[in-house]
Each structure stands twice: as structure tokens, then as C-alpha cells.
file start26.txt (compact mmCIF, C-alpha atoms)
# COMPACT_ATOMS: atom_id res chain seq x y z
CA MET A 1 -59.95 -3.56 16.20
CA GLU A 2 -58.43 -5.65 18.98
CA ARG A 3 -58.70 -8.80 16.83
CA PHE A 4 -57.05 -6.95 13.94
CA LEU A 5 -54.15 -5.88 16.16
CA ASN A 6 -53.76 -9.39 17.52
CA ASN A 7 -53.72 -10.83 14.00
CA SER A 8 -51.17 -8.23 12.92
CA LEU A 9 -48.91 -9.05 15.86
CA TYR A 10 -49.25 -12.73 15.08
CA ALA A 11 -48.20 -12.12 11.47
CA ILE A 12 -45.19 -10.09 12.62
CA ASN A 13 -44.17 -12.84 15.01
CA TYR A 14 -44.60 -15.49 12.34
CA PHE A 15 -42.19 -13.75 9.97
CA LYS A 16 -39.69 -12.81 12.67
CA MET A 17 -36.27 -14.30 11.88
CA THR A 18 -35.63 -16.61 14.81
CA LEU A 19 -32.46 -18.60 15.39
CA GLY A 20 -34.16 -21.73 14.04
CA LYS A 21 -35.20 -19.99 10.82
CA SER A 22 -31.72 -18.52 10.48
CA ILE A 23 -30.16 -21.99 10.76
CA LEU A 24 -32.48 -23.36 8.06
CA PHE A 25 -31.65 -20.37 5.87
CA ILE A 26 -27.91 -20.92 6.38
CA LEU A 27 -28.17 -24.66 5.70
CA SER A 28 -30.04 -23.96 2.45
CA ILE A 29 -27.27 -21.67 1.24
CA LEU A 30 -24.55 -24.11 2.33
CA ILE A 31 -26.20 -27.01 0.48
CA LEU A 32 -26.60 -24.94 -2.69
CA ASP A 33 -23.01 -23.73 -2.42
CA GLN A 34 -21.47 -27.15 -1.84
CA VAL A 35 -23.58 -28.98 -4.43
CA SER A 36 -22.58 -26.40 -7.07
CA LYS A 37 -18.90 -26.63 -6.12
CA ILE A 38 -18.79 -30.43 -6.13
CA PHE A 39 -20.60 -30.52 -9.48
CA ILE A 40 -18.24 -27.99 -11.05
CA LYS A 41 -15.15 -29.62 -9.52
CA THR A 42 -16.05 -33.07 -10.87
CA ASN A 43 -17.36 -31.97 -14.28
CA PHE A 44 -15.05 -29.13 -15.35
CA ILE A 45 -11.35 -28.96 -16.13
CA TYR A 46 -9.37 -26.12 -14.59
CA GLY A 47 -9.09 -22.97 -16.71
CA GLU A 48 -10.49 -21.75 -19.99
CA ALA A 49 -10.22 -25.14 -21.68
CA GLY A 50 -13.21 -26.36 -19.70
CA GLN A 51 -15.40 -23.25 -19.61
CA ILE A 52 -18.99 -23.02 -20.80
CA ASP A 53 -20.24 -19.82 -22.42
CA VAL A 54 -23.78 -19.40 -21.12
CA ALA A 55 -23.92 -15.95 -22.73
CA SER A 56 -21.43 -13.39 -24.00
CA TRP A 57 -21.50 -11.79 -20.56
CA PHE A 58 -21.76 -14.95 -18.41
CA LYS A 59 -19.43 -17.94 -18.35
CA ILE A 60 -18.94 -20.93 -16.07
CA LEU A 61 -15.23 -21.34 -15.56
CA LEU A 62 -13.54 -23.49 -12.92
CA ILE A 63 -10.69 -21.88 -11.04
CA GLU A 64 -9.38 -22.54 -7.54
CA ASN A 65 -8.44 -19.82 -5.12
CA GLU A 66 -5.70 -20.53 -2.59
CA GLY A 67 -6.04 -17.19 -0.86
CA MET A 68 -8.51 -14.39 -0.31
CA ALA A 69 -10.46 -12.24 -2.77
CA TRP A 70 -8.89 -11.94 -6.23
CA GLY A 71 -6.37 -14.61 -5.31
CA THR A 72 -4.54 -12.53 -2.70
CA LYS A 73 -2.32 -14.79 -0.61
CA ILE A 74 -0.67 -14.54 2.79
CA PRO A 75 3.02 -15.08 2.04
CA GLY A 76 5.10 -17.74 3.75
CA GLN A 77 5.04 -21.50 4.21
CA HIS A 78 2.13 -21.40 6.65
CA GLY A 79 0.19 -18.57 4.97
CA LYS A 80 -2.68 -20.81 3.84
CA LEU A 81 -3.02 -22.41 7.29
CA ILE A 82 -3.05 -18.99 8.97
CA LEU A 83 -5.76 -17.80 6.57
CA THR A 84 -7.92 -20.88 7.19
CA MET A 85 -7.60 -20.58 11.00
CA PHE A 86 -8.43 -16.89 10.81
CA ARG A 87 -11.56 -17.71 8.80
CA ILE A 88 -12.63 -20.30 11.36
CA LEU A 89 -12.19 -17.84 14.24
CA ALA A 90 -14.11 -15.19 12.26
CA VAL A 91 -17.01 -17.61 11.72
CA PHE A 92 -17.19 -18.28 15.46
CA GLY A 93 -17.40 -14.51 16.01
CA ILE A 94 -20.09 -14.11 13.35
CA GLY A 95 -21.98 -17.06 14.83
CA TYR A 96 -22.02 -15.42 18.25
CA TRP A 97 -23.20 -12.15 16.65
CA LEU A 98 -26.02 -14.06 14.95
CA TRP A 99 -27.05 -15.85 18.14
CA ASP A 100 -27.00 -12.61 20.13
CA SER A 101 -29.05 -10.80 17.48
CA CYS A 102 -31.64 -13.58 17.35
CA GLU A 103 -31.94 -13.57 21.14
CA ASN A 104 -32.46 -9.81 21.16
CA LYS A 105 -36.15 -9.16 20.56
CA TYR A 106 -35.33 -5.68 19.24
CA SER A 107 -33.08 -6.92 16.40
CA SER A 108 -34.45 -6.25 12.93
CA ASN A 109 -34.94 -8.92 10.29
CA PHE A 110 -32.58 -6.94 8.03
CA LEU A 111 -29.75 -7.45 10.51
CA ILE A 112 -30.43 -11.14 11.13
CA VAL A 113 -30.74 -11.96 7.42
CA ALA A 114 -27.52 -10.06 6.67
CA ILE A 115 -25.56 -11.86 9.40
CA SER A 116 -27.00 -15.21 8.28
CA LEU A 117 -25.84 -14.58 4.71
CA ILE A 118 -22.34 -13.60 5.84
CA PHE A 119 -22.11 -16.62 8.15
CA ALA A 120 -23.29 -19.03 5.42
CA GLY A 121 -20.86 -17.62 2.86
CA ALA A 122 -17.90 -17.70 5.21
CA ALA A 123 -18.72 -21.25 6.34
CA GLY A 124 -19.10 -22.40 2.73
CA ASN A 125 -15.60 -21.27 1.80
CA ILE A 126 -14.17 -22.70 5.02
CA ILE A 127 -15.49 -26.15 4.04
CA ASP A 128 -13.41 -25.91 0.85
CA SER A 129 -10.30 -24.79 2.74
CA VAL A 130 -10.55 -27.49 5.41
CA PHE A 131 -11.73 -30.55 3.47
CA TYR A 132 -11.23 -30.21 -0.30
CA GLY A 133 -7.48 -30.81 -0.18
CA VAL A 134 -8.00 -34.33 1.20
CA ILE A 135 -11.12 -35.43 -0.73
CA PHE A 136 -10.31 -34.28 -4.29
CA ASP A 137 -7.43 -34.78 -6.66
CA ASP A 138 -6.46 -31.83 -8.85
CA SER A 139 -8.42 -30.47 -11.83
CA TYR A 140 -5.48 -29.67 -14.12
CA ASN A 141 -5.95 -31.32 -17.53
CA GLN A 142 -8.42 -33.78 -16.01
CA LEU A 143 -11.74 -34.06 -14.21
CA ALA A 144 -11.27 -34.20 -10.45
CA VAL A 145 -12.39 -37.28 -8.56
CA LEU A 146 -14.30 -37.05 -5.28
CA ASN A 147 -12.81 -39.20 -2.49
CA SER A 148 -9.67 -39.64 -4.54
CA GLU A 149 -6.92 -41.99 -3.38
CA LYS A 150 -4.40 -39.32 -4.38
CA PRO A 151 -5.72 -36.01 -3.02
CA TYR A 152 -4.03 -32.81 -4.11
CA GLY A 153 -3.43 -31.38 -0.62
CA THR A 154 -3.75 -31.81 3.12
CA TRP A 155 -6.18 -30.83 5.88
CA PHE A 156 -6.73 -27.04 6.14
CA HIS A 157 -4.90 -26.47 2.85
CA GLY A 158 -7.77 -26.91 0.38
CA LYS A 159 -8.47 -24.46 -2.43
CA VAL A 160 -11.76 -22.58 -2.69
CA VAL A 161 -13.70 -23.49 -5.85
CA ASP A 162 -14.93 -20.52 -7.93
CA MET A 163 -16.95 -20.73 -11.12
CA LEU A 164 -19.24 -17.74 -11.81
CA TYR A 165 -17.68 -15.34 -14.31
CA PHE A 166 -19.39 -12.22 -15.67
CA PRO A 167 -17.10 -10.44 -18.18
CA ILE A 168 -19.79 -7.88 -19.00
CA VAL A 169 -17.32 -5.87 -21.09
CA ASP A 170 -14.56 -7.78 -22.87
CA THR A 171 -12.72 -5.60 -25.36
CA HIS A 172 -9.45 -3.76 -26.07
CA PHE A 173 -8.47 -0.15 -25.50
CA PRO A 174 -8.27 1.86 -28.74
CA ASP A 175 -4.73 2.19 -30.09
CA TRP A 176 -4.75 5.94 -29.54
CA VAL A 177 -5.16 5.63 -25.75
CA PRO A 178 -1.79 6.45 -24.11
CA TYR A 179 -0.02 3.49 -22.47
CA PHE A 180 -3.17 1.26 -22.49
CA GLY A 181 -3.67 1.40 -26.28
CA GLY A 182 -4.35 -2.05 -27.73
CA LYS A 183 -4.37 -3.76 -24.32
CA GLU A 184 -7.23 -6.00 -23.24
CA PHE A 185 -9.91 -4.47 -21.03
CA LYS A 186 -12.44 -6.49 -19.06
CA PHE A 187 -15.08 -5.01 -16.82
CA PHE A 188 -15.79 -7.22 -13.82
CA ASN A 189 -13.29 -9.98 -14.32
CA ALA A 190 -13.74 -11.47 -10.84
CA ILE A 191 -14.63 -15.17 -10.68
CA PHE A 192 -16.61 -16.15 -7.61
CA ASN A 193 -19.00 -18.71 -6.09
CA ILE A 194 -22.36 -18.81 -4.30
CA ALA A 195 -20.71 -18.39 -0.90
CA ASP A 196 -19.10 -15.16 -2.14
CA VAL A 197 -22.50 -13.97 -3.39
CA ALA A 198 -23.98 -14.62 0.08
CA ILE A 199 -21.21 -12.66 1.81
CA SER A 200 -21.46 -9.74 -0.63
CA THR A 201 -25.27 -9.65 -0.33
CA GLY A 202 -25.09 -9.67 3.47
CA VAL A 203 -22.56 -6.85 3.54
CA GLY A 204 -24.62 -4.97 0.94
CA ILE A 205 -27.72 -5.19 3.14
CA LEU A 206 -25.78 -3.77 6.09
CA ILE A 207 -24.54 -0.88 3.95
CA VAL A 208 -27.65 -0.05 1.89
CA PHE A 209 -30.20 -0.70 4.66
CA ASN A 210 -27.95 0.46 7.47
CA LYS A 211 -30.62 2.37 9.37
CA LYS A 212 -33.19 -0.41 9.11
CA ALA A 213 -30.63 -3.02 10.10
CA PHE A 214 -29.29 -1.28 13.17
CA THR A 215 -32.36 0.67 14.34
CA PRO A 216 -34.06 -1.27 17.16
CA ALA A 217 -37.28 -2.83 15.92
CA SER A 218 -40.51 -3.26 17.83
CA PRO A 219 -40.27 -6.18 20.24
CA PHE A 220 -41.65 -9.49 18.96
CA LYS A 221 -43.61 -10.76 21.92
CA SER A 222 -45.38 -14.10 21.96
CA ILE A 223 -49.14 -13.92 21.67
CA SER A 224 -51.11 -15.86 24.22
call {"tool": "encode", "arguments": {"input": "start26.txt", "output": "C-alpha cells"}}
result
Amino acid sequence: MERFLNNSLYAINYFKMTLGKSILFILSILILDQVSKIFIKTNFIYGEAGQIDVASWFKILLIENEGMAWGTKIPGQHGKLILTMFRILAVFGIGYWLWDSCENKYSSNFLIVAISLIFAGAAGNIIDSVFYGVIFDDSYNQLAVLNSEKPYGTWFHGKVVDMLYFPIVDTHFPDWVPYFGGKEFKFFNAIFNIADVAISTGVGILIVFNKKAFTPASPFKSIS
């Protein structure tokens, strides 16, 4: 029985999300996110002219987002810079939260995985905002060039690359519907990227598995 308990504790410790494992997890997401963005940016033309229909409900379509979700922008000349700086500060805060959670032996894996996903997603979009404006030219009516001699923007003013589009329902309202009759209706017309998926998944874990995420777990002690 004692050997069984020791083996069980060893298994729990082995699968405990440590800071090192969290960093590897984050780097994996960042690499996948950036490789997909660079590929799309250099192989697709902006807008519907360059889209690929994978299925009737799934398309790959390059757009670039200057602001927040659904293209929301902070108005003013320095709105984009303010947004980028805010994102950077937020990532530092999330990074501290992740470090503190990994150091706390009572933190659950649900919490650490969720924070790691949110951190990776936020960092992925920050890379676009900080660097893409000075390493790419634009994608309008042409394929963008990496390390272009004529970049489209400046430091901290890059646009976030989005490409995943799931118009699950793409139809028109019947003519008899008041006001909306005959108008186009799309269900889930958001276009997003892998970083956005990571953020949404992390937040979803915190919401759906709230009790498991925030209930103190059994301490993960090292086994001698």
C-alpha cells in the first residue's frame, strides 16, 4: 500500500504544471501562432479575393486588425500606441500571476493551464502589434514581403493578423421579416487567429471549471 501511495504521488508530481512546463507550453503556442500568421501574411492577399474555402462553414481569409476584438479601435492619433502599451502591461501582470500560481504548491493545473493559454495568446498578438509594422509591407492587392524595404508601419503600430473564419450560417432573412427582410445574416462572422483561440480557451476554462481552477489543490511535494 505504501509503495502504491508513493507511486501515485510520484505520478501526480510528474504531471504537475510547473513554471518550466508552462513556459514550454506557451512557447509551443507562440510558435504555432507566429508560423501560421507569417505563412498567411506572405501567401494570402487581403480580403475575400485571396480567401480559401476549406468547407462551406470554414474559410481561411486574411484580414488585419488595428484594434481590439471585432476591430474596435481606441480613437485618436495615439490610440494604437495606447492599446499596444496597455497590452504589454497586461502581459506583465498575467506573467506575474502565472509565476505566482506556479510557485504556489496549492494551485490547480486548471488554473495554471488557463493562465498559460491567456498569456500565450496575449503575447502572440503583442508580437504582431510591436513588430509587424516594420517587417512587412502591406497585403492589399499583393502578397506581403517579410523583411520588406518598404514596411507598412512603424514600431508598436503593427496590425494583428487574423485568418480563421467560420460562417456556420450564411444566408438572408426572409422577405417577410420586418426591417431585416432580405438582408444578409451570418452566424459567427468573427475572424480570428490561434492567439485568440488560446485566450478564449483560457478564459473558458476559468469560467466552466471555476471551482476546480480556484479551489486549492493538494500540495505537490517532492518525493525523496
call {"tool": "residues_around", "arguments": {"input": "start26.txt", "residues": "stretch 29-32 of chain A", "least_positions_apart": "6", "cutoff": "8 Å", "atoms": "all atoms listed in the file", "output": "PyMOL selection string"}}
result
chain A and resi 120-121+123-124+194-195+198
call {"tool": "closest_residue", "arguments": {"input": "start26.txt", "among": "A:Ala190, A:Ala144, A:Ile94, A:Ile207", "to": "A:Ala122", "atoms": "all atoms listed in the file"}}
result
A:Ile94
call {"tool": "closest_residue", "arguments": {"input": "start26.txt", "among": "A:Lys159, A:Arg87, A:Lys150, A:Lys80", "to": "A:Ile63", "atoms": "all atoms listed in the file"}}
result
A:Lys159
call {"tool": "atom_distance", "arguments": {"input": "start26.txt", "atom1": "atom CA of A:Thr215", "atom2": "atom CA of A:Ile88"}}
result
28.9 Å
call {"tool": "residues_around", "arguments": {"input": "start26.txt", "residues": "A:Glu103", "least_positions_apart": "2", "cutoff": "8 Å", "atoms": "only C-alpha atoms", "output": "list in words"}}
result
Thr18, Leu19, Trp99, Asp100, Ser101 and Lys105 of chain A
call {"tool": "atom_distance", "arguments": {"input": "start26.txt", "atom1": "atom CA of A:Lys183", "atom2": "atom CA of A:Ile52"}}
result
24.4 Å
call {"tool": "atom_distance", "arguments": {"input": "start26.txt", "atom1": "atom CA of A:Leu206", "atom2": "atom CA of A:Asp33"}}
result
21.9 Å
call {"tool": "residues_near_point", "arguments": {"input": "start26.txt", "point": "(-19.7, -32.7, -2.8)", "cutoff": "10 Å", "atoms": "all atoms listed in the file", "output": "ChimeraX atom specification"}}
result
/A:31,33-42,128,132,135-136,146-147
call {"tool": "closest_residue", "arguments": {"input": "start26.txt", "among": "A:Thr84, A:Ser22, A:Asn189, A:Asn65", "to": "A:Ile127", "atoms": "only C-alpha atoms"}}
result
A:Thr84
call {"tool": "residues_near_point", "arguments": {"input": "start26.txt", "point": "(-15.3, -26.3, -20.4)", "cutoff": "12 Å", "atoms": "all atoms listed in the file", "output": "list in words"}}
result
Ile40, Lys41, Thr42, Asn43, Phe44, Ile45, Tyr46, Gly47, Glu48, Ala49, Gly50, Gln51, Ile52, Asp53, Val54, Lys59, Ile60, Leu61, Leu62, Ile63, Ser139, Asn141, Gln142, Leu143 and Met163 of chain A
call {"tool": "closest_residue", "arguments": {"input": "start26.txt", "among": "A:Trp97, A:Phe188, A:Tyr106, A:Phe119", "to": "A:Phe25", "atoms": "all atoms listed in the file"}}
result
A:Phe119
call {"tool": "closest_residue", "arguments": {"input": "start26.txt", "among": "A:Thr154, A:Ser116, A:Asn104, A:Ser28", "to": "A:Gly202", "atoms": "only C-alpha atoms"}}
result
A:Ser116
